[in-house]
2 protein chains.
Amino acid sequence: MRITVLAGGIGGSRFLRGLQQVVPGDGADLPITVIGNTGDDIWIHGLRVCPDLDTVMYTLGGGISAERGWGREDETFTVRAELADYGVEPTWFGLGDRDIATHLVRTQALAAGYPLTEVTAALCERWKPGVRLLPMSDDRAETHVVVDDPSGGTAPDGTPLRTALHFQEWWIRYRAELPAHEFVLVGIDQAQPGPDVLSAILDTDLVILPPSNPVVSIGTILQVPGVADAVRSTTAPVVGVSPIIGGAPVRGMADACLRTIGVDTTAAGVGAHYGSRHQGGLLDAWIIDEADAADAPLVEAAGLRCTVAPTLMTDVSAAGSLARVCLTTAGLA
Amino acid sequence: MRITVLAGGIGGSRFLRGLQQVVPGDGADLPITVIGNTGDDIWIHGLRVCPDLDTVMYTLGGGISAERGWGREDETFTVRAELADYGVEPTWFGLGDRDIATHLVRTQALAAGYPLTEVTAALCERWKPGVRLLPMSDDRAETHVVVDDPSGGTAPDGTPLRTALHFQEWWIRYRAELPAHEFVLVGIDQAQPGPDVLSAILDTDLVILPPSNPVVSIGTILQVPGVADAVRSTTAPVVGVSPIIGGAPVRGMADACLRTIGVDTTAAGVGAHYGSRHQGGLLDAWIIDEADAADAPLVEAAGLRCTVAPTLMTDVSAAGSLARVCLTTAGLA
């Protein structure tokens, strides 16, 4: 069985760890392909940082910080402290020493002309995540967030000036607390999907949209030219898992993102946002948590088959159970 | 009083610390200008590393490892270990975590188009070394060492193949144990001296060649087009200190370097190599250690005034005494 998962960072990675319990790889045979979000990528101190790809790689490769859910276990922050002593900006990005080695290898390989897909594969030779990890694109396309000028600047008529922050600055420095008028994925028009991205969606047995941020993670991947069309037209079933439980995001600040694009922070709201493939949307089925069971009729009304199940991934075993629900829902188990 | 010193790494830095005892700076007034060797510079893991400039900056700025004499005090090597786990080469260069921050700042500033002279000044804003630290050149010119192929390859006629190693590889990886046929400063023909380098030699009260490596440190600086001519023609006295005590280098592997250029590893040999300004050479006077007092007639015979003094810089105070001898020898104290 081949399964393709469109994944962001922490939520996607935890789901993937469960999915690997159900569909384990065997040596070079990797049944799971992950299309990773690179809209969060950023140049920091001259280093190319790919937070979501690294979260998947470290989580599945056994190097993730269990406590933080991102970055490396047993991490130190010596370089970061030194950079602060030099007074160089930005100071709000949590660049760890172990993590920096990854970015040095990546940056140097990119500078040598290797595309991100190949660089990611090379990094994965160390981590052996047990999945095929494909960046959504080898081209640079980074999410920016349009906000009112944080320094309070106004136009002559008194209206607030607007400015665009890199997603990471909005997310980390401002903790998504500045109301976002719009998300703009700068560069996406010219971006191409990574070499195997479309075929991984079109030529597979199951496509899963795991409980990642539907706006700035999965929504970003879906903006890569050709990706949404591939999801709409694949012959494989497409199953999604709600990242909203009991009307709130499990982790992260998806509500602030959903508000910006006018989607309710509810299991049914996100499901309807993805939409039914019968009606030009992306999903065949939508899995919602038992806490949102009351949303099921709304999900069905949106043209989606609805499965109600425990979706909170409290541990790998719970994530495995959720993955099994995905396969059952798709009629594959 | 203005003093200009052509300096390599450890020996030059220790001398400078002594010189600062004798000629202290006062706020923005920095009487000492250091022309630093950049022939040891190297790109490692995509970072621009300037070992000699950093040794001067860290030593005078209070950040140097007292034990090693290079790199940072309280250093950790987390990034290096991670890079090794990725299997990326080279593994023989001792890149510390604290040090990496310096290289990140430098590399990013160079990439933004700032010349090395300005980047060095910016780094020194943090370290406040109390001297004006000028790279010998803003252009890339790195010392390479011609050796017999370390893997033992031979030509069809049985003679050893020759190869050129970067100086750092020869020095660190092979500990200068591979016989060097030649040193080649790749790029020096097209290199220009740094913006203030020539004027710092021509318009000063004293030029000092401290006990740095006469081949790959001071010899390298002297290869920058215009520098040797400036030393020959400056109206300031030029005083040198022998790096050889008792017929051996105090530290480092200067003997292996001197052998390559056919100079005896003696105090008189190195003095005669620099030569007398009366005879087209570089020095007015040459300071040798008491252990080499017997060399004094040979030094004088080479046309140099010779001062015999304790030259071993066992501590800052001893370095200060040596600096005072330089001033006395030049008739400036």
# chains A, B, ... in the order shown; residues from 1 in each chain; ligands from 1

$ residues_around --residues "stretch 110-120 of chain A" --least-positions-apart "4" --cutoff "10 Å" --atoms "only C-alpha atoms" --output "MDAnalysis selection string"
(chainID A and resid 38 48 50 53:54 57 104:106 124:125 132:140 194:196) or (chainID B and resid 46)

$ write_last_selection --atoms "C-alpha atoms" --output "PDB file, in the first residue's frame"
ATOM      1  CA  THR A  38       8.194  24.748   2.892  1.00  0.00           C
ATOM      2  CA  ARG A  48      18.420  28.160   5.103  1.00  0.00           C
ATOM      3  CA  CYS A  50      13.139  24.526   6.837  1.00  0.00           C
ATOM      4  CA  LEU A  53      10.725  19.465   6.933  1.00  0.00           C
ATOM      5  CA  ASP A  54      13.084  19.269   9.896  1.00  0.00           C
ATOM      6  CA  MET A  57      12.761  14.448   9.810  1.00  0.00           C
ATOM      7  CA  LEU A 104      24.861  24.457   7.533  1.00  0.00           C
ATOM      8  CA  VAL A 105      24.745  21.219   5.565  1.00  0.00           C
ATOM      9  CA  ARG A 106      21.568  22.306   3.784  1.00  0.00           C
ATOM     10  CA  CYS A 124      17.450  12.006   5.603  1.00  0.00           C
ATOM     11  CA  GLU A 125      20.283   9.562   4.911  1.00  0.00           C
ATOM     12  CA  ARG A 132      10.024   9.491   1.544  1.00  0.00           C
ATOM     13  CA  LEU A 133      10.120  13.170   2.516  1.00  0.00           C
ATOM     14  CA  LEU A 134       9.481  15.517  -0.411  1.00  0.00           C
ATOM     15  CA  PRO A 135       9.523  19.313  -0.095  1.00  0.00           C
ATOM     16  CA  MET A 136       6.370  20.698  -1.713  1.00  0.00           C
ATOM     17  CA  SER A 137       8.626  22.693  -4.055  1.00  0.00           C
ATOM     18  CA  ASP A 138      12.298  23.306  -4.760  1.00  0.00           C
ATOM     19  CA  ASP A 139      11.461  26.953  -5.342  1.00  0.00           C
ATOM     20  CA  ARG A 140      11.437  29.605  -2.673  1.00  0.00           C
ATOM     21  CA  GLY A 194       8.916  19.234  -6.425  1.00  0.00           C
ATOM     22  CA  PRO A 195       9.863  16.565  -8.991  1.00  0.00           C
ATOM     23  CA  ASP A 196       7.803  13.702  -7.499  1.00  0.00           C
TER      24      ASP A 196
ATOM     25  CA  GLY B  46      30.022  27.457   3.866  1.00  0.00           C
TER      26      GLY B  46
END

$ closest_atom_pairs --of "chain B" --to "chain A" --cutoff "6 Å" --atoms "only C-alpha atoms" --output "tab-separated table"
residue	atom	partner	partner_atom	distance
B:Gly46	CA	A:Gln108	CA	5.3
B:Val79	CA	A:Ala101	CA	5.3
B:Glu82	CA	A:Ala101	CA	5.9
B:Leu83	CA	A:Ala101	CA	5.6
B:Tyr86	CA	A:Arg126	CA	5.9
B:Asp97	CA	A:Val79	CA	5.7
B:Arg98	CA	A:Val79	CA	5.5
B:Ala101	CA	A:Val79	CA	5.3
B:Gln108	CA	A:Gly46	CA	5.3
B:Arg126	CA	A:Tyr86	CA	5.9

$ calpha_fit_and_write --fixed "chain B" --moving "chain A" --output "short mmCIF file (atom, residue, chain, number, x, y, z; two decimals) with C-alpha atoms, in the first residue's frame"
data_model
loop_
_atom_site.label_atom_id
_atom_site.label_comp_id
_atom_site.auth_asym_id
_atom_site.auth_seq_id
_atom_site.Cartn_x
_atom_site.Cartn_y
_atom_site.Cartn_z
CA MET A 1 52.91 57.56 18.94
CA ARG A 2 51.56 55.37 16.15
CA ILE A 3 52.78 51.80 15.77
CA THR A 4 51.95 49.38 12.97
CA VAL A 5 52.38 45.66 13.52
CA LEU A 6 52.27 42.93 10.86
CA ALA A 7 50.76 40.03 12.75
CA GLY A 8 49.90 36.39 12.38
CA GLY A 9 47.92 34.52 15.00
CA ILE A 10 49.10 33.37 18.39
CA GLY A 11 52.62 34.83 18.55
CA GLY A 12 51.51 38.14 17.10
CA SER A 13 48.57 38.37 19.48
CA ARG A 14 50.66 37.71 22.57
CA PHE A 15 53.13 40.33 21.48
CA LEU A 16 50.29 42.79 20.88
CA ARG A 17 48.95 42.23 24.37
CA GLY A 18 52.37 43.25 25.68
CA LEU A 19 52.57 46.22 23.34
CA GLN A 20 49.24 47.46 24.68
CA GLN A 21 50.80 47.56 28.16
CA VAL A 22 53.41 49.94 26.86
CA VAL A 23 51.29 51.97 24.43
CA PRO A 24 47.76 51.81 25.78
CA GLY A 25 44.90 53.09 23.68
CA ASP A 26 42.51 55.64 25.09
CA GLY A 27 38.91 55.27 23.95
CA ALA A 28 38.67 55.94 20.22
CA ASP A 29 42.38 56.82 20.07
CA LEU A 30 44.04 53.59 19.00
CA PRO A 31 47.78 54.12 18.55
CA ILE A 32 48.33 50.53 17.40
CA THR A 33 47.34 49.35 13.93
CA VAL A 34 47.53 45.64 13.21
CA ILE A 35 47.80 44.35 9.66
CA GLY A 36 46.46 40.83 9.98
CA ASN A 37 47.31 37.79 7.90
CA THR A 38 44.36 36.47 5.88
CA GLY A 39 46.33 33.86 3.93
CA ASP A 40 45.15 31.25 6.46
CA ASP A 41 41.51 32.05 5.73
CA ILE A 42 39.30 29.22 4.60
CA TRP A 43 35.74 28.41 3.63
CA ILE A 44 34.53 25.63 5.92
CA HIS A 45 30.96 24.32 5.74
CA GLY A 46 30.00 27.46 3.86
CA LEU A 47 31.43 29.73 6.55
CA ARG A 48 34.21 32.22 6.01
CA VAL A 49 36.80 31.59 8.69
CA CYS A 50 39.67 34.03 9.35
CA PRO A 51 41.79 32.29 11.98
CA ASP A 52 44.50 34.91 12.43
CA LEU A 53 42.19 37.92 12.50
CA ASP A 54 40.01 36.13 15.04
CA THR A 55 42.97 35.12 17.18
CA VAL A 56 44.02 38.78 17.41
CA MET A 57 40.44 39.91 18.03
CA TYR A 58 39.67 37.29 20.66
CA THR A 59 43.05 37.61 22.40
CA LEU A 60 42.93 41.38 22.70
CA GLY A 61 39.18 41.35 23.35
CA GLY A 62 39.39 38.88 26.22
CA GLY A 63 37.62 35.98 24.52
CA ILE A 64 40.52 33.73 23.60
CA SER A 65 41.01 30.24 24.98
CA ALA A 66 44.00 30.68 27.27
CA GLU A 67 44.77 26.98 27.03
CA ARG A 68 44.70 26.57 23.24
CA GLY A 69 45.73 30.07 22.22
CA TRP A 70 43.13 30.03 19.43
CA GLY A 71 39.35 29.92 19.45
CA ARG A 72 37.07 30.88 22.28
CA GLU A 73 37.28 30.29 26.01
CA ASP A 74 34.57 27.95 27.38
CA GLU A 75 34.08 26.61 23.88
CA THR A 76 31.79 23.73 22.99
CA PHE A 77 31.84 21.65 19.82
CA THR A 78 28.24 20.57 19.38
CA VAL A 79 27.86 21.73 15.79
CA ARG A 80 31.09 20.02 14.84
CA ALA A 81 29.92 16.70 16.28
CA GLU A 82 26.62 17.02 14.42
CA LEU A 83 28.39 17.80 11.16
CA ALA A 84 30.45 14.65 11.65
CA ASP A 85 27.22 12.70 12.21
CA TYR A 86 26.06 13.98 8.82
CA GLY A 87 29.32 12.66 7.41
CA VAL A 88 30.26 15.97 5.82
CA GLU A 89 33.88 16.86 5.26
CA PRO A 90 36.18 18.23 6.45
CA THR A 91 36.22 16.79 9.95
CA TRP A 92 39.71 17.93 10.91
CA PHE A 93 38.90 21.62 11.40
CA GLY A 94 38.12 22.56 14.99
CA LEU A 95 35.06 24.71 14.53
CA GLY A 96 33.64 25.64 17.94
CA ASP A 97 30.08 26.71 18.63
CA ARG A 98 30.94 30.16 19.96
CA ASP A 99 33.36 30.65 17.12
CA ILE A 100 30.68 29.72 14.59
CA ALA A 101 28.63 32.75 15.58
CA THR A 102 31.55 34.95 14.50
CA HIS A 103 31.76 33.14 11.19
CA LEU A 104 28.01 33.39 10.62
CA VAL A 105 28.08 37.14 11.16
CA ARG A 106 31.12 37.51 8.91
CA THR A 107 29.78 35.25 6.17
CA GLN A 108 26.44 36.98 6.05
CA ALA A 109 28.02 40.43 5.96
CA LEU A 110 30.41 39.39 3.18
CA ALA A 111 27.48 37.91 1.24
CA ALA A 112 25.71 41.24 1.63
CA GLY A 113 28.66 42.87 -0.11
CA TYR A 114 30.64 44.39 2.74
CA PRO A 115 34.42 44.12 2.31
CA LEU A 116 36.34 42.12 4.91
CA THR A 117 37.90 45.29 6.33
CA GLU A 118 34.46 46.65 7.24
CA VAL A 119 33.22 43.29 8.45
CA THR A 120 36.26 42.98 10.72
CA ALA A 121 35.64 46.45 12.11
CA ALA A 122 32.02 45.48 12.79
CA LEU A 123 33.06 42.31 14.64
CA CYS A 124 35.56 44.37 16.63
CA GLU A 125 32.75 46.64 17.82
CA ARG A 126 31.81 43.78 20.09
CA TRP A 127 35.30 42.73 21.10
CA LYS A 128 36.92 46.15 21.41
CA PRO A 129 40.45 44.80 20.97
CA GLY A 130 41.87 48.29 21.52
CA VAL A 131 43.77 48.22 18.23
CA ARG A 132 42.79 49.05 14.67
CA LEU A 133 42.67 45.59 13.08
CA LEU A 134 43.08 45.66 9.30
CA PRO A 135 42.98 42.54 7.13
CA MET A 136 46.00 42.56 4.81
CA SER A 137 43.57 42.47 1.88
CA ASP A 138 39.85 42.37 1.16
CA ASP A 139 40.57 39.95 -1.66
CA ARG A 140 40.69 36.21 -1.30
CA ALA A 141 44.25 34.87 -1.36
CA GLU A 142 44.80 31.60 0.48
CA THR A 143 48.06 29.80 1.12
CA HIS A 144 48.33 26.37 -0.44
CA VAL A 145 51.08 23.88 0.17
CA VAL A 146 52.56 21.71 -2.56
CA VAL A 147 53.27 18.22 -1.24
CA ASP A 148 53.70 14.70 -2.50
CA ASP A 149 50.27 13.09 -2.88
CA PRO A 150 49.43 11.96 0.69
CA SER A 151 47.75 8.85 -0.71
CA GLY A 152 51.04 7.79 -2.25
CA GLY A 153 50.11 8.18 -5.92
CA THR A 154 52.95 8.07 -8.42
CA ALA A 155 53.44 9.07 -12.04
CA PRO A 156 54.12 6.35 -14.65
CA ASP A 157 57.86 6.95 -14.19
CA GLY A 158 57.54 6.19 -10.48
CA THR A 159 57.99 9.73 -9.19
CA PRO A 160 55.48 10.88 -6.59
CA LEU A 161 52.53 12.86 -7.81
CA ARG A 162 52.28 16.30 -6.28
CA THR A 163 49.17 17.96 -5.01
CA ALA A 164 48.32 21.28 -3.39
CA LEU A 165 46.61 21.30 0.01
CA HIS A 166 45.00 24.29 1.62
CA PHE A 167 47.36 25.57 4.30
CA GLN A 168 44.89 24.65 7.05
CA GLU A 169 44.72 21.06 5.88
CA TRP A 170 48.50 20.83 5.82
CA TRP A 171 48.88 22.55 9.18
CA ILE A 172 46.04 20.96 11.13
CA ARG A 173 45.28 17.65 9.48
CA TYR A 174 48.87 16.75 8.66
CA ARG A 175 50.49 18.81 11.44
CA ALA A 176 52.98 20.20 8.91
CA GLU A 177 54.59 16.77 8.77
CA LEU A 178 54.25 16.33 5.01
CA PRO A 179 57.37 17.89 3.49
CA ALA A 180 56.31 21.07 1.71
CA HIS A 181 57.85 21.66 -1.70
CA GLU A 182 56.43 25.12 -2.02
CA PHE A 183 53.92 27.57 -0.56
CA VAL A 184 51.63 29.16 -3.12
CA LEU A 185 49.44 32.08 -2.13
CA VAL A 186 46.67 31.50 -4.64
CA GLY A 187 45.11 34.75 -5.81
CA ILE A 188 47.78 37.09 -4.47
CA ASP A 189 48.68 38.52 -7.89
CA GLN A 190 45.21 40.00 -8.25
CA ALA A 191 44.86 40.98 -4.59
CA GLN A 192 44.93 44.58 -3.47
CA PRO A 193 46.08 45.67 -0.04
CA GLY A 194 43.21 46.64 2.27
CA PRO A 195 42.17 50.31 2.06
CA ASP A 196 44.38 51.61 4.91
CA VAL A 197 47.13 49.01 4.84
CA LEU A 198 49.78 50.87 2.88
CA SER A 199 49.15 54.18 4.62
CA ALA A 200 49.38 52.42 8.00
CA ILE A 201 52.91 51.35 7.07
CA LEU A 202 54.00 54.54 5.35
CA ASP A 203 52.47 57.01 7.78
CA THR A 204 53.46 55.74 11.22
CA ASP A 205 56.19 56.12 13.82
CA LEU A 206 57.25 52.49 14.05
CA VAL A 207 56.71 49.28 12.11
CA ILE A 208 57.12 46.02 14.03
CA LEU A 209 57.45 42.48 12.69
CA PRO A 210 56.59 40.53 15.85
CA PRO A 211 57.53 36.90 16.50
CA SER A 212 54.96 35.47 14.09
CA ASN A 213 55.69 32.77 11.52
CA PRO A 214 58.07 34.48 9.05
CA VAL A 215 56.86 32.36 6.12
CA VAL A 216 53.11 31.74 6.31
CA SER A 217 52.12 34.69 8.51
CA ILE A 218 54.37 37.71 8.04
CA GLY A 219 55.73 36.32 4.77
CA THR A 220 52.18 36.15 3.47
CA ILE A 221 51.35 39.73 4.42
CA LEU A 222 54.56 40.84 2.71
CA GLN A 223 53.38 39.19 -0.52
CA VAL A 224 50.38 41.49 -0.82
CA PRO A 225 51.28 43.79 -3.72
CA GLY A 226 52.73 47.02 -2.36
CA VAL A 227 53.22 45.92 1.25
CA ALA A 228 56.89 44.92 1.09
CA ASP A 229 57.67 48.08 -0.88
CA ALA A 230 55.89 50.14 1.76
CA VAL A 231 57.95 48.49 4.51
CA ARG A 232 61.14 49.15 2.54
CA SER A 233 60.30 52.79 1.93
CA THR A 234 58.54 53.97 5.10
CA THR A 235 60.31 56.72 7.00
CA ALA A 236 59.48 54.92 10.25
CA PRO A 237 62.01 52.55 11.75
CA VAL A 238 61.27 48.87 11.14
CA VAL A 239 62.06 46.48 13.97
CA GLY A 240 61.62 42.73 14.00
CA VAL A 241 61.58 40.12 16.76
CA SER A 242 62.94 36.66 16.12
CA PRO A 243 60.35 33.88 16.42
CA ILE A 244 63.24 31.44 16.83
CA ILE A 245 64.67 30.92 20.30
CA GLY A 246 67.59 28.59 20.79
CA GLY A 247 67.36 27.38 17.23
CA ALA A 248 63.70 26.29 17.39
CA PRO A 249 60.33 27.93 16.95
CA VAL A 250 58.70 28.78 20.28
CA ARG A 251 55.39 27.45 19.10
CA GLY A 252 53.92 26.19 15.87
CA MET A 253 55.89 24.55 13.12
CA ALA A 254 57.83 27.42 11.61
CA ASP A 255 60.85 25.15 11.07
CA ALA A 256 58.90 23.10 8.51
CA CYS A 257 58.03 26.34 6.71
CA LEU A 258 61.53 27.78 6.84
CA ARG A 259 63.02 24.56 5.49
CA THR A 260 60.76 24.84 2.43
CA ILE A 261 62.03 28.30 1.54
CA GLY A 262 65.64 27.38 2.33
CA VAL A 263 66.10 29.48 5.44
CA ASP A 264 67.90 28.17 8.52
CA THR A 265 65.78 27.84 11.65
CA THR A 266 68.03 30.20 13.56
CA ALA A 267 67.57 33.72 14.84
CA ALA A 268 70.26 34.94 12.45
CA GLY A 269 68.80 32.96 9.56
CA VAL A 270 65.39 34.56 9.83
CA GLY A 271 66.87 38.01 10.36
CA ALA A 272 68.98 37.66 7.24
CA HIS A 273 65.93 36.38 5.38
CA TYR A 274 64.03 39.60 6.14
CA GLY A 275 67.22 41.50 5.32
CA SER A 276 68.52 44.99 5.96
CA ARG A 277 66.81 48.06 4.56
CA HIS A 278 70.28 49.34 3.66
CA GLN A 279 70.51 46.41 1.28
CA GLY A 280 66.99 46.36 -0.14
CA GLY A 281 65.57 44.36 2.74
CA LEU A 282 62.89 45.07 5.29
CA LEU A 283 64.45 45.66 8.70
CA ASP A 284 66.47 48.26 10.51
CA ALA A 285 66.92 46.17 13.63
CA TRP A 286 66.45 42.58 14.72
CA ILE A 287 65.80 41.52 18.29
CA ILE A 288 67.04 38.06 19.22
CA ASP A 289 66.78 36.07 22.41
CA GLU A 290 69.58 35.80 24.93
CA ALA A 291 69.74 32.10 24.10
CA ASP A 292 70.84 33.11 20.61
CA ALA A 293 73.32 35.79 21.67
CA ALA A 294 75.99 33.97 19.69
CA ASP A 295 74.02 34.85 16.52
CA ALA A 296 74.46 38.59 17.11
CA PRO A 297 77.60 38.94 14.95
CA LEU A 298 75.85 37.13 12.10
CA VAL A 299 72.87 39.46 12.40
CA GLU A 300 75.16 42.49 12.32
CA ALA A 301 76.98 40.99 9.38
CA ALA A 302 73.64 40.92 7.56
CA GLY A 303 73.48 44.69 7.95
CA LEU A 304 71.00 44.73 10.83
CA ARG A 305 71.33 46.37 14.18
CA CYS A 306 70.97 43.57 16.69
CA THR A 307 69.44 43.74 20.15
CA VAL A 308 69.77 40.77 22.48
CA ALA A 309 66.97 40.51 25.05
CA PRO A 310 64.64 38.04 26.75
CA THR A 311 62.03 37.34 24.05
CA LEU A 312 60.04 34.47 25.55
CA MET A 313 56.53 35.85 26.21
CA THR A 314 55.73 33.73 29.25
CA ASP A 315 53.04 36.18 30.33
CA VAL A 316 51.68 39.61 29.52
CA SER A 317 54.33 41.27 31.63
CA ALA A 318 57.13 39.50 29.69
CA ALA A 319 55.43 40.47 26.43
CA GLY A 320 55.29 44.06 27.69
CA SER A 321 59.01 44.01 28.40
CA LEU A 322 59.69 42.70 24.91
CA ALA A 323 57.51 45.45 23.43
CA ARG A 324 59.49 47.99 25.42
CA VAL A 325 62.70 46.58 23.94
CA CYS A 326 61.22 47.19 20.49
CA LEU A 327 60.59 50.84 21.30
CA THR A 328 64.04 51.26 22.83
CA THR A 329 65.67 49.61 19.86
CA ALA A 330 63.78 52.01 17.59
CA GLY A 331 64.96 54.96 19.68
CA LEU A 332 61.41 55.78 20.71
CA ALA A 333 61.65 55.12 24.45
#

$ select_by_dssp --residues "stretch 68-317 of chain A" --states "alpha helix (DSSP H)" --output "JSON, numbers by chain"
{"A": [78, 79, 80, 81, 82, 83, 84, 85, 86, 97, 98, 99, 100, 101, 102, 103, 104, 105, 106, 107, 108, 109, 110, 111, 116, 117, 118, 119, 120, 121, 122, 123, 124, 125, 126, 127, 167, 168, 197, 198, 199, 200, 201, 202, 218, 219, 220, 221, 222, 223, 227, 228, 229, 230, 231, 232, 233, 254, 255, 256, 257, 258, 259, 260, 267, 268, 269, 270, 271, 272, 273, 274, 296, 297, 298, 299, 300, 301, 316, 317]}

$ select_by_dssp --residues "stretch 135-221 of chain A" --states "strand (DSSP E)" --output "PyMOL selection string"
chain A and resi 135+142-148+162-166+182-186+206-209

$ decode --residues "stretch 64-76 of chain B" --atoms "N, CA and C atoms" --output "mmCIF file, in the first residue's frame"
data_model
loop_
_atom_site.group_PDB
_atom_site.id
_atom_site.type_symbol
_atom_site.label_atom_id
_atom_site.label_comp_id
_atom_site.auth_asym_id
_atom_site.auth_seq_id
_atom_site.Cartn_x
_atom_site.Cartn_y
_atom_site.Cartn_z
ATOM 1 N N ILE B 64 39.715 34.845 24.097
ATOM 2 C CA ILE B 64 40.514 33.725 23.595
ATOM 3 C C ILE B 64 40.581 32.584 24.603
ATOM 4 N N SER B 65 40.729 31.376 24.093
ATOM 5 C CA SER B 65 41.030 30.247 24.975
ATOM 6 C C SER B 65 42.472 30.361 25.437
ATOM 7 N N ALA B 66 42.662 30.554 26.738
ATOM 8 C CA ALA B 66 44.025 30.685 27.265
ATOM 9 C C ALA B 66 44.799 29.391 27.049
ATOM 10 N N GLU B 67 44.101 28.281 27.142
ATOM 11 C CA GLU B 67 44.783 26.992 27.028
ATOM 12 C C GLU B 67 45.254 26.727 25.593
ATOM 13 N N ARG B 68 44.346 26.906 24.632
ATOM 14 C CA ARG B 68 44.701 26.577 23.249
ATOM 15 C C ARG B 68 45.443 27.706 22.552
ATOM 16 N N GLY B 69 45.123 28.945 22.908
ATOM 17 C CA GLY B 69 45.728 30.085 22.221
ATOM 18 C C GLY B 69 44.977 30.470 20.963
ATOM 19 N N TRP B 70 44.012 29.669 20.558
ATOM 20 C CA TRP B 70 43.137 30.010 19.432
ATOM 21 C C TRP B 70 41.712 29.645 19.836
ATOM 22 N N GLY B 71 40.764 30.236 19.173
ATOM 23 C CA GLY B 71 39.363 29.926 19.472
ATOM 24 C C GLY B 71 38.933 30.500 20.811
ATOM 25 N N ARG B 72 37.680 30.232 21.161
ATOM 26 C CA ARG B 72 37.054 30.877 22.303
ATOM 27 C C ARG B 72 37.239 30.110 23.602
ATOM 28 N N GLU B 73 37.308 30.859 24.686
ATOM 29 C CA GLU B 73 37.287 30.274 26.024
ATOM 30 C C GLU B 73 35.906 29.649 26.241
ATOM 31 N N ASP B 74 35.861 28.622 27.094
ATOM 32 C CA ASP B 74 34.587 27.943 27.397
ATOM 33 C C ASP B 74 33.883 27.493 26.117
ATOM 34 N N GLU B 75 34.679 27.001 25.191
ATOM 35 C CA GLU B 75 34.098 26.626 23.901
ATOM 36 C C GLU B 75 33.442 25.246 23.987
ATOM 37 N N THR B 76 32.443 25.068 23.155
ATOM 38 C CA THR B 76 31.818 23.750 22.996
ATOM 39 C C THR B 76 31.862 23.386 21.516
#
